[in-house]
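Report on the following structure.
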Amino acid sequence: MDPTAPDPTVRTTPGPDEQLVRVEQLRELASQVYQKVGVPKEEADLVAGLEAETDLRGVHSHGTRALPSYIRRIQEGKTNPRPAIQVVREGPSFALLEGDRGLGLLTGTRAIQMAIDKARKTGIAAVAVRNSNHFGAAANFALQALEHDMVGFAASSSSPGLAPYGGASRLVGNHPFAYAVPAGEERPLVLDMACGVSAWGRVGTMRMYGKPLADNWVLDKDGRPTNDPAQAHILLPFGSFKGYGLTMIVDALTGILPFGVSTCHRDAPEFAGQTFSSHFFYALHVESFIPLDEFKTEMDRTIRTVRSSKRAEGVDRIYLPGEIEWLKKEAWSQTGIPIHNDHINSLAQLADEFGVPVPWR
């Protein structure tokens, strides 16, 4: 099997409740809507491009499906369409940014780009952001490091929605994080995940498609297990105590480090009225540790060894982290993206509200 060939398991024809939409169409519609609510064109293009790219990679829960909620937050005054992003403190290999309630995709890009610039000089650099908003898929930022032959890491705080191990209440955050590692001839490794069994956006996607959840994903309002996505109220950590332990560590990096407050204390009176999304990023300059060609050669060799290893019965192909998303991007760049009609209709309704043409009509 040619590992660079299109994967036959990637759907390129829409299902009965879907239609094909070009990534360029999603990007243009989203940018124009952002501009209608006061986001400058350059920044609207950046944010819209990242959302559309997320759809192209098949992560619809964190792509343009979030556009209506992001726009409503701007209209409600919760998100600043023209933030004055400022450096609060800074050193050769670190910085803390004030996000001024800006779009998370914008503040996150500013932060990872700063980390990349610093890492080029110091070998590794970390940048945190406070007072931001939901930043979509964490991979959006880790991937940006690959353009500079660096390892990228991104993580974000999130609202209380995950039960601690053994608990039955929404107390800790389902914090997302992502790594991106460059390779040579092979596709880079990308791990993008949250500390819960699923992201809440994934639960919403299952609800939209009318599909039940797997066992041990969620609890209802009474703390009882359920497979009904409409009754989901509390997410469970993946791997029981392992996911729970990880979310506590990520909370320290993305909540306490940049903002001084953990997820479980967000409701405290002294923090009332503030915006609490905060993020943490770092970039690692590979050549500061090992010659780049040696690193990429061994990464390629590792990927090929894993891919060609013995498969379990009934398994046709072993995938590397992020490989399925690369395959979708490559295929859907040519054919268009299969997107659920509810998703498409919500974007069309938003566009009509602002007098923006809907390109797929």
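A note on labels: chains of the structure tokens are A, B, ... as shown, every chain counts residues from 1, and ligands are counted from 1 in their shown order.
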Can you list, as a short mmCIF file (atom, residue, chain, number, x, y, z; two decimals) with N, CA and C atoms, in the first residue's frame, every protein, DNA or RNA residue that comes within 9 Å of stretch 121-134 of chain A when you count only C-alpha atoms, leaving out same-chain residues fewer than 5 positions away?
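And here is the file that came out, part13.cif:
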data_model
loop_
_atom_site.label_atom_id
_atom_site.label_comp_id
_atom_site.auth_asym_id
_atom_site.auth_seq_id
_atom_site.Cartn_x
_atom_site.Cartn_y
_atom_site.Cartn_z
N TYR A 70 -19.50 32.15 18.04
CA TYR A 70 -18.46 33.17 18.12
C TYR A 70 -19.02 34.54 17.75
N LYS A 78 -19.19 40.10 24.69
CA LYS A 78 -18.32 39.20 25.45
C LYS A 78 -16.97 39.00 24.77
N THR A 79 -16.94 39.10 23.45
CA THR A 79 -15.71 38.98 22.67
C THR A 79 -15.43 40.31 21.99
N GLU A 90 7.74 39.54 29.80
CA GLU A 90 8.46 38.87 28.72
C GLU A 90 9.91 38.65 29.10
N PRO A 92 13.63 36.26 27.32
CA PRO A 92 14.14 35.70 26.06
C PRO A 92 13.39 34.47 25.57
N SER A 93 12.89 33.65 26.51
CA SER A 93 12.23 32.40 26.10
C SER A 93 10.82 32.25 26.67
N PHE A 94 10.20 33.36 27.07
CA PHE A 94 8.83 33.26 27.56
C PHE A 94 8.12 34.59 27.39
N ALA A 95 6.79 34.55 27.46
CA ALA A 95 5.99 35.77 27.46
C ALA A 95 4.60 35.44 27.99
N LEU A 96 3.96 36.44 28.55
CA LEU A 96 2.56 36.37 28.94
C LEU A 96 1.84 37.48 28.20
N LEU A 97 0.78 37.12 27.47
CA LEU A 97 0.02 38.08 26.69
C LEU A 97 -1.34 38.35 27.33
N GLU A 98 -1.78 39.59 27.25
CA GLU A 98 -3.15 39.99 27.60
C GLU A 98 -3.97 39.96 26.32
N GLY A 99 -5.00 39.09 26.29
CA GLY A 99 -5.78 38.90 25.07
C GLY A 99 -6.87 39.91 24.84
N ASP A 100 -7.21 40.72 25.84
CA ASP A 100 -8.22 41.77 25.71
C ASP A 100 -9.54 41.23 25.16
N ARG A 101 -9.91 40.01 25.59
CA ARG A 101 -11.18 39.38 25.20
C ARG A 101 -11.27 39.14 23.69
N GLY A 102 -10.16 38.99 23.03
CA GLY A 102 -10.17 38.76 21.59
C GLY A 102 -10.57 37.34 21.23
N LEU A 103 -10.84 37.12 19.95
CA LEU A 103 -11.10 35.78 19.45
C LEU A 103 -9.92 34.87 19.77
N GLY A 104 -10.20 33.69 20.30
CA GLY A 104 -9.13 32.79 20.70
C GLY A 104 -8.24 32.36 19.55
N LEU A 105 -8.80 32.23 18.37
CA LEU A 105 -7.99 31.85 17.21
C LEU A 105 -6.99 32.94 16.85
N THR A 107 -5.78 35.40 19.26
CA THR A 107 -4.81 35.51 20.34
C THR A 107 -3.87 34.30 20.36
N GLY A 108 -4.41 33.12 20.04
CA GLY A 108 -3.58 31.94 20.00
C GLY A 108 -2.52 32.00 18.92
N ALA A 111 0.28 34.22 19.94
CA ALA A 111 1.12 33.60 20.95
C ALA A 111 2.05 32.55 20.37
N ILE A 112 1.54 31.65 19.54
CA ILE A 112 2.41 30.60 19.01
C ILE A 112 3.45 31.19 18.08
N MET A 114 4.84 34.12 18.43
CA MET A 114 5.84 34.69 19.32
C MET A 114 6.73 33.59 19.89
N ALA A 115 6.13 32.46 20.26
CA ALA A 115 6.92 31.34 20.77
C ALA A 115 7.89 30.83 19.71
N ILE A 116 7.43 30.76 18.47
CA ILE A 116 8.29 30.31 17.36
C ILE A 116 9.46 31.27 17.18
N SER A 156 -5.38 24.70 26.16
CA SER A 156 -6.29 25.76 26.59
C SER A 156 -7.08 25.33 27.81
N SER A 157 -7.46 26.33 28.59
CA SER A 157 -8.42 26.09 29.66
C SER A 157 -9.79 25.83 29.04
N SER A 158 -10.71 25.37 29.82
CA SER A 158 -12.07 25.16 29.34
C SER A 158 -13.02 25.30 30.54
N LEU A 253 -1.29 24.58 33.81
CA LEU A 253 -0.60 25.32 32.75
C LEU A 253 -1.48 26.37 32.09
N THR A 254 -2.77 26.07 31.92
CA THR A 254 -3.63 26.94 31.13
C THR A 254 -4.56 27.82 31.96
N GLY A 255 -4.71 27.50 33.24
CA GLY A 255 -5.58 28.29 34.09
C GLY A 255 -4.82 29.05 35.15
N LEU A 257 -1.41 29.18 35.73
CA LEU A 257 -0.18 29.85 35.29
C LEU A 257 -0.44 31.21 34.63
N PRO A 258 -1.34 31.30 33.63
CA PRO A 258 -1.55 32.61 33.02
C PRO A 258 -2.58 33.49 33.70
N PHE A 259 -3.52 32.88 34.45
CA PHE A 259 -4.68 33.63 34.92
C PHE A 259 -4.83 33.65 36.43
N GLN A 274 -15.43 38.40 34.49
CA GLN A 274 -14.23 38.30 33.67
C GLN A 274 -14.39 37.20 32.62
N THR A 275 -13.59 37.29 31.58
CA THR A 275 -13.52 36.23 30.58
C THR A 275 -12.37 35.32 30.98
N PHE A 276 -12.59 34.01 30.98
CA PHE A 276 -11.63 33.12 31.60
C PHE A 276 -10.85 32.21 30.66
N SER A 277 -11.09 32.26 29.37
CA SER A 277 -10.30 31.40 28.50
C SER A 277 -8.84 31.86 28.54
N SER A 278 -7.97 30.92 28.75
CA SER A 278 -6.54 31.22 28.78
C SER A 278 -5.81 30.03 28.16
N HIS A 279 -4.65 30.30 27.60
CA HIS A 279 -3.97 29.30 26.79
C HIS A 279 -2.49 29.23 27.14
N PHE A 280 -1.87 28.14 26.68
CA PHE A 280 -0.44 27.94 26.89
C PHE A 280 0.15 27.27 25.64
N PHE A 281 1.26 27.79 25.17
CA PHE A 281 1.89 27.29 23.95
C PHE A 281 3.40 27.19 24.16
N TYR A 282 4.00 26.26 23.44
CA TYR A 282 5.46 26.34 23.32
C TYR A 282 5.90 25.82 21.96
N ALA A 283 7.08 26.26 21.56
CA ALA A 283 7.70 25.80 20.32
C ALA A 283 9.10 25.32 20.65
N LEU A 284 9.49 24.22 20.05
CA LEU A 284 10.80 23.62 20.29
C LEU A 284 11.56 23.57 18.97
N HIS A 285 12.70 24.24 18.94
CA HIS A 285 13.53 24.31 17.73
C HIS A 285 14.37 23.04 17.63
N VAL A 286 14.03 22.17 16.71
CA VAL A 286 14.65 20.85 16.62
C VAL A 286 16.16 20.95 16.48
N GLU A 287 16.63 21.85 15.64
CA GLU A 287 18.06 21.93 15.36
C GLU A 287 18.89 22.42 16.55
N SER A 288 18.23 22.91 17.58
CA SER A 288 18.96 23.24 18.80
C SER A 288 19.39 21.99 19.55
N PHE A 289 18.80 20.85 19.21
CA PHE A 289 19.06 19.60 19.91
C PHE A 289 19.74 18.56 19.02
#
Item to complete: Please give the complete set of residues from stretch 93-148 of chain A that DSSP, run on the backbone, assigns to strand (DSSP E or B), formatted as a list in words.
Response: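 So, restricting stretch 93-148 of chain A to strand (DSSP E or B), we get Phe94, Ala95, Leu96, Leu97, Glu98, Ile124, Ala125, Ala126, Val127, Ala128, Val129, Arg130, Asn131 and Ser132 of chain A.
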Practice prompt. Determine the nearest neighbour of A:Gln75 from the options A:Arg110, A:Val33, A:Thr305, A:Asp45, counting only C-alpha atoms.
Written response: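 Going through A:Arg110, A:Val33, A:Thr305, A:Asp45 one by one, the smallest distance to A:Gln75 is for A:Val33.
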Contact table stretch 266-328 of chain A vs stretch 190-203 of chain A, cut-off 9 Å, shortest pair per residue, only C-alpha atoms, as JSON lines:
{"residue": "A:Leu320", "atom": "CA", "partner": "A:Val190", "partner_atom": "CA", "distance": 8.5}
{"residue": "A:Pro321", "atom": "CA", "partner": "A:Val190", "partner_atom": "CA", "distance": 5.5}
{"residue": "A:Gly322", "atom": "CA", "partner": "A:Val190", "partner_atom": "CA", "distance": 4.5}
{"residue": "A:Glu323", "atom": "CA", "partner": "A:Val190", "partner_atom": "CA", "distance": 7.6}
{"residue": "A:Glu325", "atom": "CA", "partner": "A:Val190", "partner_atom": "CA", "distance": 8.9}
Atoms kept (C-alpha atoms) for selection, written as a PDB file, in the first residue's frame:
ATOM      1  CA  LEU A 320      -0.203   7.263  12.959  1.00  0.00           C
ATOM      2  CA  PRO A 321      -1.494  10.122  15.169  1.00  0.00           C
ATOM      3  CA  GLY A 322      -3.084  12.753  12.949  1.00  0.00           C
ATOM      4  CA  GLU A 323      -2.762  10.658   9.771  1.00  0.00           C
ATOM      5  CA  GLU A 325      -6.861  14.105   9.337  1.00  0.00           C
TER       6      GLU A 325
END
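Atom CA of A:Arg266 sits 8.4 Å away from atom CA of A:Ser159.
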Fill in: Distance criterion (only C-alpha atoms): nearest to A:Lys211 out of A:Pro229, A:Gly77, A:Gly239, A:Pro83
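For A:Lys211, the nearest of the given residues is A:Pro229.
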Worksheet item: Got a sec to tell me which of stretch 105-267 of chain A DSSP assigns to helix (DSSP H, G or I), as a PyMOL selection string?
Response: chain A and resi 105-122+139-146+200-209+229-231+241-259+263-265
Discussion item. With only C-alpha atoms as the counted atoms, please give the residues lying no more than 9 Å from A:Ala214, apart from itself and same-chain residues fewer than 3 positions off, as a list in words.
Written reply: Trp217, Val218, Thr226 and Asn227 of chain A
Write out the residues from the selection above, keeping C-alpha atoms, as an mmCIF file, in the first residue's frame.
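Resulting contents of selection.cif:
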data_model
loop_
_atom_site.group_PDB
_atom_site.id
_atom_site.type_symbol
_atom_site.label_atom_id
_atom_site.label_comp_id
_atom_site.auth_asym_id
_atom_site.auth_seq_id
_atom_site.Cartn_x
_atom_site.Cartn_y
_atom_site.Cartn_z
ATOM 1 C CA TRP A 217 -18.619 8.689 27.897
ATOM 2 C CA VAL A 218 -21.046 10.821 29.882
ATOM 3 C CA THR A 226 -26.302 7.503 29.670
ATOM 4 C CA ASN A 227 -25.737 6.854 25.964
#
Discussion item. Which residues are near A:Leu171? Cut-off 9 Å, only C-alpha atoms, ignore same chain within fewer than 5 positions. Put them as a list in words.
Written reply: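 Result of the neighbour search: Ser159, Pro160, Gly161, Leu162, Ala163, Pro164, Thr263, Cys264 and His265 of chain A.
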Would you export the selected residues with N, CA and C atoms as a PDB file, in the first residue's frame, please?
ATOM      1  N   SER A 159     -14.289  25.404  30.254  1.00  0.00           N
ATOM      2  CA  SER A 159     -15.268  25.573  31.322  1.00  0.00           C
ATOM      3  C   SER A 159     -15.461  24.258  32.076  1.00  0.00           C
ATOM      4  N   PRO A 160     -15.938  24.319  33.316  1.00  0.00           N
ATOM      5  CA  PRO A 160     -16.187  23.080  34.061  1.00  0.00           C
ATOM      6  C   PRO A 160     -17.180  22.194  33.314  1.00  0.00           C
ATOM      7  N   GLY A 161     -16.832  20.946  33.119  1.00  0.00           N
ATOM      8  CA  GLY A 161     -17.718  20.043  32.396  1.00  0.00           C
ATOM      9  C   GLY A 161     -17.319  18.593  32.542  1.00  0.00           C
ATOM     10  N   LEU A 162     -16.204  18.380  33.224  1.00  0.00           N
ATOM     11  CA  LEU A 162     -15.656  17.032  33.377  1.00  0.00           C
ATOM     12  C   LEU A 162     -15.701  16.648  34.851  1.00  0.00           C
ATOM     13  N   ALA A 163     -16.077  15.424  35.105  1.00  0.00           N
ATOM     14  CA  ALA A 163     -16.077  14.936  36.490  1.00  0.00           C
ATOM     15  C   ALA A 163     -14.682  14.473  36.876  1.00  0.00           C
ATOM     16  N   PRO A 164     -14.235  14.756  38.093  1.00  0.00           N
ATOM     17  CA  PRO A 164     -12.983  14.148  38.552  1.00  0.00           C
ATOM     18  C   PRO A 164     -13.166  12.637  38.671  1.00  0.00           C
ATOM     19  N   THR A 263      -9.999  25.953  37.017  1.00  0.00           N
ATOM     20  CA  THR A 263     -11.351  25.769  36.486  1.00  0.00           C
ATOM     21  C   THR A 263     -12.379  25.640  37.598  1.00  0.00           C
ATOM     22  N   CYS A 264     -12.072  24.893  38.632  1.00  0.00           N
ATOM     23  CA  CYS A 264     -13.072  24.647  39.673  1.00  0.00           C
ATOM     24  C   CYS A 264     -13.340  25.862  40.550  1.00  0.00           C
ATOM     25  N   HIS A 265     -12.566  26.950  40.381  1.00  0.00           N
ATOM     26  CA  HIS A 265     -12.777  28.169  41.169  1.00  0.00           C
ATOM     27  C   HIS A 265     -13.265  29.345  40.321  1.00  0.00           C
TER      28      HIS A 265
END
Practice prompt. May I ask for the distance between atom CA of A:Arg361 and atom CA of A:Leu20, given in Å to one decimal place?
Written response: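 Interatomic distance here is 11.3 Å.
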Item to complete: Might you pull out every residue within 9 Å of A:Lys41, with only C-alpha atoms counted and same-chain residues fewer than 5 positions away left off, and present them as a ChimeraX atom specification?
Response: /A:31-32,34-35,46
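Atom CA of A:Thr12 to atom CA of A:Ser333 spans 10.1 Å [interatomic distance, one decimal].
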Worksheet entry | Nearest residue to A:Asn174 from the set A:Asp267, A:Glu28, A:Glu298, A:Asp251 (distances using only C-alpha atoms) |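 The closest residue to A:Asn174 is A:Asp251.
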Practice prompt. Return the single residue from A:Tyr165, A:Thr54, A:Leu219, A:Arg65 that is closest to A:Ala138, with distances computed using only C-alpha atoms.
Written response: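 So, comparing all the options, the nearest one is A:Thr54.
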